[in-house]
file start-v1.cif (mmCIF, C-alpha atoms)
data_upload
#
loop_
_atom_site.label_atom_id
_atom_site.label_comp_id
_atom_site.auth_asym_id
_atom_site.auth_seq_id
_atom_site.Cartn_x
_atom_site.Cartn_y
_atom_site.Cartn_z
CA MET M 1 64.23 93.69 121.19
CA LYS M 2 64.84 96.89 119.23
CA LEU M 3 67.83 96.79 116.89
CA ILE M 4 69.67 99.64 115.14
CA ASP M 5 71.16 99.24 111.67
CA THR M 6 73.93 101.83 111.66
CA HIS M 7 74.73 101.65 107.93
CA CYS M 8 72.10 100.96 105.27
CA HIS M 9 71.71 102.29 101.71
CA LEU M 10 67.98 101.57 101.47
CA TYR M 11 67.52 104.64 99.27
CA LEU M 12 69.58 103.24 96.35
CA LYS M 13 68.00 102.17 93.06
CA GLU M 14 68.44 98.49 93.95
CA PHE M 15 65.44 98.95 96.26
CA ASP M 16 63.17 101.01 94.00
CA ILE M 17 60.75 98.14 93.39
CA ASP M 18 60.11 97.20 97.03
CA ARG M 19 61.61 99.83 99.34
CA GLU M 20 58.46 100.38 101.40
CA ARG M 21 57.87 96.67 101.83
CA LEU M 22 61.43 96.22 103.12
CA ALA M 23 61.07 99.15 105.53
CA GLU M 24 57.87 97.66 106.89
CA ALA M 25 59.50 94.24 107.20
CA ALA M 26 62.42 95.77 109.08
CA LEU M 27 60.11 97.48 111.56
CA ALA M 28 58.07 94.30 112.02
CA SER M 29 61.25 92.32 112.74
CA GLY M 30 62.30 94.68 115.54
CA ILE M 31 64.59 97.08 113.67
CA ASP M 32 63.39 100.50 114.78
CA THR M 33 66.23 102.65 113.39
CA ILE M 34 68.33 102.68 110.23
CA LEU M 35 71.11 105.15 109.51
CA LEU M 36 71.59 106.23 105.91
CA PRO M 37 75.14 107.04 104.72
CA ASN M 38 75.35 109.24 101.65
CA VAL M 39 77.46 108.35 98.60
CA ASP M 40 77.76 111.46 96.43
CA VAL M 41 75.88 114.50 95.13
CA ASP M 42 73.58 112.34 93.02
CA THR M 43 72.32 110.23 95.95
CA VAL M 44 71.33 113.09 98.27
CA ARG M 45 67.77 113.56 97.04
CA ALA M 46 66.82 109.88 97.26
CA MET M 47 68.35 109.65 100.73
CA HIS M 48 66.47 112.74 101.92
CA ASP M 49 63.22 111.42 100.43
CA LEU M 50 63.53 108.17 102.37
CA ALA M 51 64.36 109.95 105.62
CA ASP M 52 61.42 112.35 105.14
CA ALA M 53 59.07 109.46 104.43
CA HIS M 54 60.12 107.68 107.62
CA PRO M 55 60.88 110.22 110.38
CA GLY M 56 62.05 108.57 113.56
CA PHE M 57 63.10 105.47 111.64
CA ALA M 58 65.54 106.58 108.91
CA TYR M 59 68.25 109.12 109.72
CA PRO M 60 70.54 110.57 107.02
CA MET M 61 74.28 111.20 107.06
CA MET M 62 76.13 113.55 104.74
CA GLY M 63 79.47 112.94 103.06
CA LEU M 64 81.35 112.04 99.89
CA HIS M 65 82.28 108.38 99.49
CA PRO M 66 85.99 107.84 98.72
CA THR M 67 85.33 106.01 95.44
CA SER M 68 83.44 109.11 94.30
CA VAL M 69 86.51 111.31 94.84
CA LYS M 70 87.95 112.29 91.46
CA ALA M 71 89.84 115.25 90.00
CA ASP M 72 86.85 117.54 90.67
CA TYR M 73 86.64 116.57 94.34
CA MET M 74 86.78 120.15 95.62
CA GLU M 75 83.70 121.08 93.61
CA GLN M 76 81.91 117.94 94.80
CA LEU M 77 82.85 118.64 98.43
CA ALA M 78 81.51 122.18 98.17
CA LYS M 79 78.15 120.86 96.99
CA ILE M 80 78.09 118.21 99.73
CA GLU M 81 79.03 120.75 102.40
CA SER M 82 76.18 123.03 101.32
CA PHE M 83 73.70 120.38 102.46
CA LEU M 84 75.08 120.38 106.01
CA HIS M 85 73.28 123.64 106.72
CA THR M 86 69.87 122.53 105.44
CA ARG M 87 68.82 119.90 107.99
CA ASN M 88 69.99 117.66 110.83
CA TYR M 89 72.27 114.72 110.09
CA CYS M 90 73.30 111.87 112.36
CA ALA M 91 76.89 111.72 111.06
CA ILE M 92 79.41 112.76 108.45
CA GLY M 93 79.54 109.80 106.13
CA GLU M 94 80.29 107.76 104.39
CA ILE M 95 83.84 109.04 104.05
CA GLY M 96 87.32 107.55 104.03
CA ILE M 97 89.93 106.05 101.72
CA ASP M 98 89.52 103.13 99.30
CA LEU M 99 92.56 101.79 97.45
CA TYR M 100 91.07 98.45 96.42
CA TRP M 101 89.81 99.49 93.00
CA ASP M 102 92.05 102.39 92.09
CA LYS M 103 94.98 104.27 93.61
CA THR M 104 94.90 107.08 91.03
CA TYR M 105 93.30 109.61 93.37
CA LEU M 106 94.99 108.70 96.64
CA LYS M 107 96.16 112.28 97.24
CA GLU M 108 92.68 113.62 96.52
CA GLN M 109 91.06 110.95 98.69
CA LYS M 110 93.27 111.88 101.62
CA GLU M 111 92.54 115.58 101.23
CA ALA M 112 88.80 114.96 100.93
CA PHE M 113 88.87 112.67 103.95
CA LYS M 114 90.71 115.20 106.11
CA LYS M 115 88.38 118.00 105.07
CA GLN M 116 85.34 115.93 106.00
CA LEU M 117 86.90 114.89 109.30
CA GLN M 118 87.15 118.59 110.05
CA TRP M 119 83.45 118.96 109.26
CA SER M 120 82.86 116.31 111.90
CA ILE M 121 84.75 118.33 114.47
CA ASP M 122 83.10 121.62 113.49
CA SER M 123 79.59 120.15 113.55
CA CYS M 124 80.11 117.88 116.58
CA LEU M 125 78.99 114.87 114.57
CA PRO M 126 80.51 111.38 114.46
CA VAL M 127 82.03 109.99 111.27
CA ALA M 128 81.26 106.80 109.36
CA ILE M 129 84.59 105.71 107.90
CA HIS M 130 85.02 103.51 104.84
CA THR M 131 88.49 102.01 104.55
CA ARG M 132 89.59 99.36 102.11
CA GLU M 133 93.25 98.41 101.86
CA ALA M 134 93.97 101.81 103.40
CA PHE M 135 94.20 101.53 107.19
CA PRO M 136 97.67 103.19 107.42
CA ASP M 137 96.48 106.17 105.37
CA VAL M 138 93.23 106.45 107.31
CA PHE M 139 95.01 106.37 110.67
CA GLU M 140 97.50 108.97 109.43
CA CYS M 141 94.70 111.35 108.44
CA ILE M 142 92.83 110.85 111.72
CA HIS M 143 95.90 111.69 113.76
CA GLU M 144 96.77 114.64 111.53
CA VAL M 145 93.31 116.19 111.97
CA GLY M 146 93.11 115.32 115.67
CA ALA M 147 92.14 111.89 116.93
CA GLU M 148 91.16 113.21 120.34
CA LYS M 149 88.56 115.49 118.73
CA LEU M 150 86.93 112.78 116.63
CA LYS M 151 84.47 109.98 117.23
CA GLY M 152 82.79 107.55 114.93
CA VAL M 153 82.63 104.07 113.47
CA PHE M 154 84.89 102.07 111.20
CA HIS M 155 82.14 100.89 108.90
CA SER M 156 82.36 97.32 107.58
CA PHE M 157 85.41 96.60 109.69
CA SER M 158 87.41 93.68 108.34
CA GLY M 159 90.91 94.60 109.44
CA THR M 160 93.64 92.68 111.21
CA ALA M 161 94.26 92.26 114.92
CA GLU M 162 96.81 95.06 114.60
CA ASP M 163 94.24 97.36 112.95
CA LEU M 164 91.81 96.53 115.74
CA ALA M 165 94.36 97.38 118.41
CA GLU M 166 95.03 100.77 116.83
CA ILE M 167 91.31 101.56 116.58
CA ARG M 168 90.80 100.68 120.23
CA GLN M 169 93.59 103.09 121.13
CA LEU M 170 91.60 105.88 119.48
CA LYS M 171 89.08 105.48 122.35
CA ASN M 172 86.11 107.17 120.66
CA PHE M 173 85.54 104.77 117.75
CA LYS M 174 83.37 101.69 117.27
CA LEU M 175 83.55 98.79 114.83
CA GLY M 176 80.70 98.49 112.33
CA ILE M 177 80.12 94.76 111.86
CA ASN M 178 78.03 93.34 109.03
CA GLY M 179 77.58 90.13 107.05
CA VAL M 180 81.30 89.70 106.43
CA VAL M 181 81.62 88.19 109.92
CA THR M 182 79.45 85.26 108.77
CA PHE M 183 81.54 84.40 105.71
CA LYS M 184 83.17 80.96 105.82
CA ASN M 185 86.65 82.18 104.88
CA SER M 186 86.55 85.40 106.89
CA LYS M 187 88.99 85.73 109.77
CA LEU M 188 86.94 88.53 111.31
CA ALA M 189 85.34 86.35 113.99
CA ASP M 190 88.80 85.51 115.35
CA VAL M 191 89.95 89.14 115.15
CA LEU M 192 86.90 90.28 117.11
CA LYS M 193 87.94 88.13 120.05
CA GLY M 194 90.41 90.96 120.70
CA ALA M 195 87.48 93.35 121.17
CA THR M 196 84.48 93.42 123.48
CA ILE M 197 80.81 93.87 122.71
CA ASP M 198 81.21 97.47 123.91
CA ASP M 199 83.31 98.11 120.78
CA ILE M 200 80.66 97.01 118.31
CA VAL M 201 77.68 98.41 116.42
CA LEU M 202 75.69 96.39 113.90
CA GLU M 203 75.05 97.26 110.26
CA THR M 204 73.94 95.73 106.98
CA ASP M 205 75.56 97.93 104.30
CA ALA M 206 72.52 96.88 102.27
CA PRO M 207 72.33 96.20 99.37
CA TYR M 208 75.88 94.88 99.76
CA LEU M 209 77.57 92.16 101.84
CA SER M 210 74.63 89.92 102.64
CA PRO M 211 75.31 87.53 105.52
CA VAL M 212 75.23 83.75 105.17
CA PRO M 213 72.86 82.15 104.12
CA TYR M 214 72.01 85.06 101.81
CA ARG M 215 75.52 85.70 100.53
CA GLY M 216 75.52 86.66 96.86
CA MET M 217 71.98 88.00 97.05
CA ARG M 218 70.83 91.59 97.50
CA ASN M 219 71.23 92.46 101.16
CA GLU M 220 68.11 93.57 103.01
CA PRO M 221 67.66 95.25 106.41
CA VAL M 222 66.10 92.17 108.06
CA TYR M 223 69.23 90.14 107.29
CA ILE M 224 71.02 92.03 110.05
CA TRP M 225 69.58 89.51 112.49
CA LYS M 226 71.92 86.86 111.04
CA THR M 227 74.88 89.11 111.84
CA ALA M 228 73.55 89.67 115.35
CA GLU M 229 73.26 85.91 115.86
CA LYS M 230 76.88 85.43 114.75
CA ILE M 231 78.09 88.12 117.15
CA ALA M 232 76.15 86.43 119.94
CA SER M 233 77.99 83.18 119.25
CA ILE M 234 81.40 84.90 119.18
CA TYR M 235 80.92 86.49 122.60
CA ASN M 236 78.82 83.69 124.09
CA LEU M 237 75.97 86.08 124.84
CA SER M 238 72.26 85.89 124.16
CA LEU M 239 70.77 87.59 121.12
CA ALA M 240 68.91 89.94 123.46
CA GLU M 241 72.17 90.94 125.14
CA ILE M 242 73.79 91.64 121.76
CA VAL M 243 70.88 93.77 120.61
CA GLU M 244 70.82 95.72 123.86
CA ALA M 245 74.59 96.32 123.92
CA THR M 246 74.94 97.34 120.28
CA ARG M 247 71.89 99.58 120.58
CA ARG M 248 73.43 101.29 123.60
CA ASN M 249 76.68 101.75 121.68
CA ALA M 250 74.90 103.23 118.65
CA ILE M 251 72.74 105.63 120.63
CA GLY M 252 75.78 106.78 122.60
CA LEU M 253 77.66 107.51 119.38
CA PHE M 254 75.04 109.09 117.14
CA ASP M 255 73.82 112.20 118.95
CA VAL M 256 70.87 113.06 116.68
CA VAL M 257 69.45 109.58 117.11
CA ASN M 258 70.08 109.82 120.84
CA LYS M 259 68.16 113.10 121.12
CA ALA M 260 65.22 111.49 119.37
CA ARG M 261 64.98 108.82 122.06
#
call {"tool": "encode", "arguments": {"input": "start-v1.cif", "output": "structure tokens"}}
result
Amino acid sequence: MKLIDTHCHLYLKEFDIDRERLAEAALASGIDTILLPNVDVDTVRAMHDLADAHPGFAYPMMGLHPTSVKADYMEQLAKIESFLHTRNYCAIGEIGIDLYWDKTYLKEQKEAFKKQLQWSIDSCLPVAIHTREAFPDVFECIHEVGAEKLKGVFHSFSGTAEDLAEIRQLKNFKLGINGVVTFKNSKLADVLKGATIDDIVLETDAPYLSPVPYRGMRNEPVYIWKTAEKIASIYNLSLAEIVEATRRNAIGLFDVVNKAR
């Protein structure tokens, strides 16, 4: 079984002491691909270094995370955009709107999100969307830019049944499912009964959101297997069937990864 982790921040400082060991462990466990979403201007070099050290295993994205959008967002976006012309990326990401921590820059977040959605269209790349307490705003921006022209994944999906229904109407979007689905008090498992395995890709969001029984600890790539096992139980499928289906979904969505196959 060969599994794809569609959202992993293995380049962050939390992994500086054992990054190579974790990459080797991931490969040994059957994870043959990890996708690396960018955060901001300051994370680009570390992300590129990891991708360059592991060609064919680690694939970078490029984008400005919504919690990094401040008053100087236009300057930051210009710097981020300049990287798009320097190498191949598997997606525009991680981008979106986050109103959980702070609503101060909602207007700026929406403008930055729409601009980066347009990059996705112009570059024919999918988007990795971060949304927290912001589904109405995210949907509004997607439709304003052109839903029919976009494709991508709602990273770390934890929305309601109504949010799920609206995403499925978009046609060209998948649900990125991580350790949250294993949490005791999460309602996500029930919500996902309104989807099919064809709607899902797997992710860790490492170092965040470790699945049970590792909740509260630093998340690691190999922990994605616990999420895969939970998804198998939700859809009453074998682990091998889950890995095969989510792999097919990921390769179909991320063109650069697909071309490398």
call {"tool": "resolve_selection", "arguments": {"input": "start-v1.cif", "expression": "the PyMOL selection byres ((chain M and resi 155) around 8)", "output": "PyMOL selection string"}}
result
chain M and resi 7+128-131+153-154+156-157+175-177
call {"tool": "atom_distance", "arguments": {"input": "start-v1.cif", "atom1": "atom CA of Thr6 of chain M", "atom2": "atom CA of Ala206 of chain M"}}
result
10.7 Å
call {"tool": "resolve_selection", "arguments": {"input": "start-v1.cif", "expression": "the PyMOL selection byres ((chain M and resi 43-56) around 12)", "output": "ChimeraX atom specification"}}
result
/M:4,8-16,19-20,23-24,27,31-42,57-65,68,79-84,86-90,93-94,256-261
call {"tool": "resolve_selection", "arguments": {"input": "start-v1.cif", "expression": "the PyMOL selection byres ((chain M and resi 1) around 8)", "output": "count of residues only"}}
result
6
call {"tool": "atom_distance", "arguments": {"input": "start-v1.cif", "atom1": "atom CA of Ser186 of chain M", "atom2": "atom CA of Arg215 of chain M"}}
result
12.7 Å
call {"tool": "residues_around", "arguments": {"input": "start-v1.cif", "residues": "Pro211 of chain M", "least_positions_apart": "5", "cutoff": "9 Å", "atoms": "all atoms listed in the file", "output": "ChimeraX atom specification"}}
result
/M:178-183,204,216,219,223-224,226-227
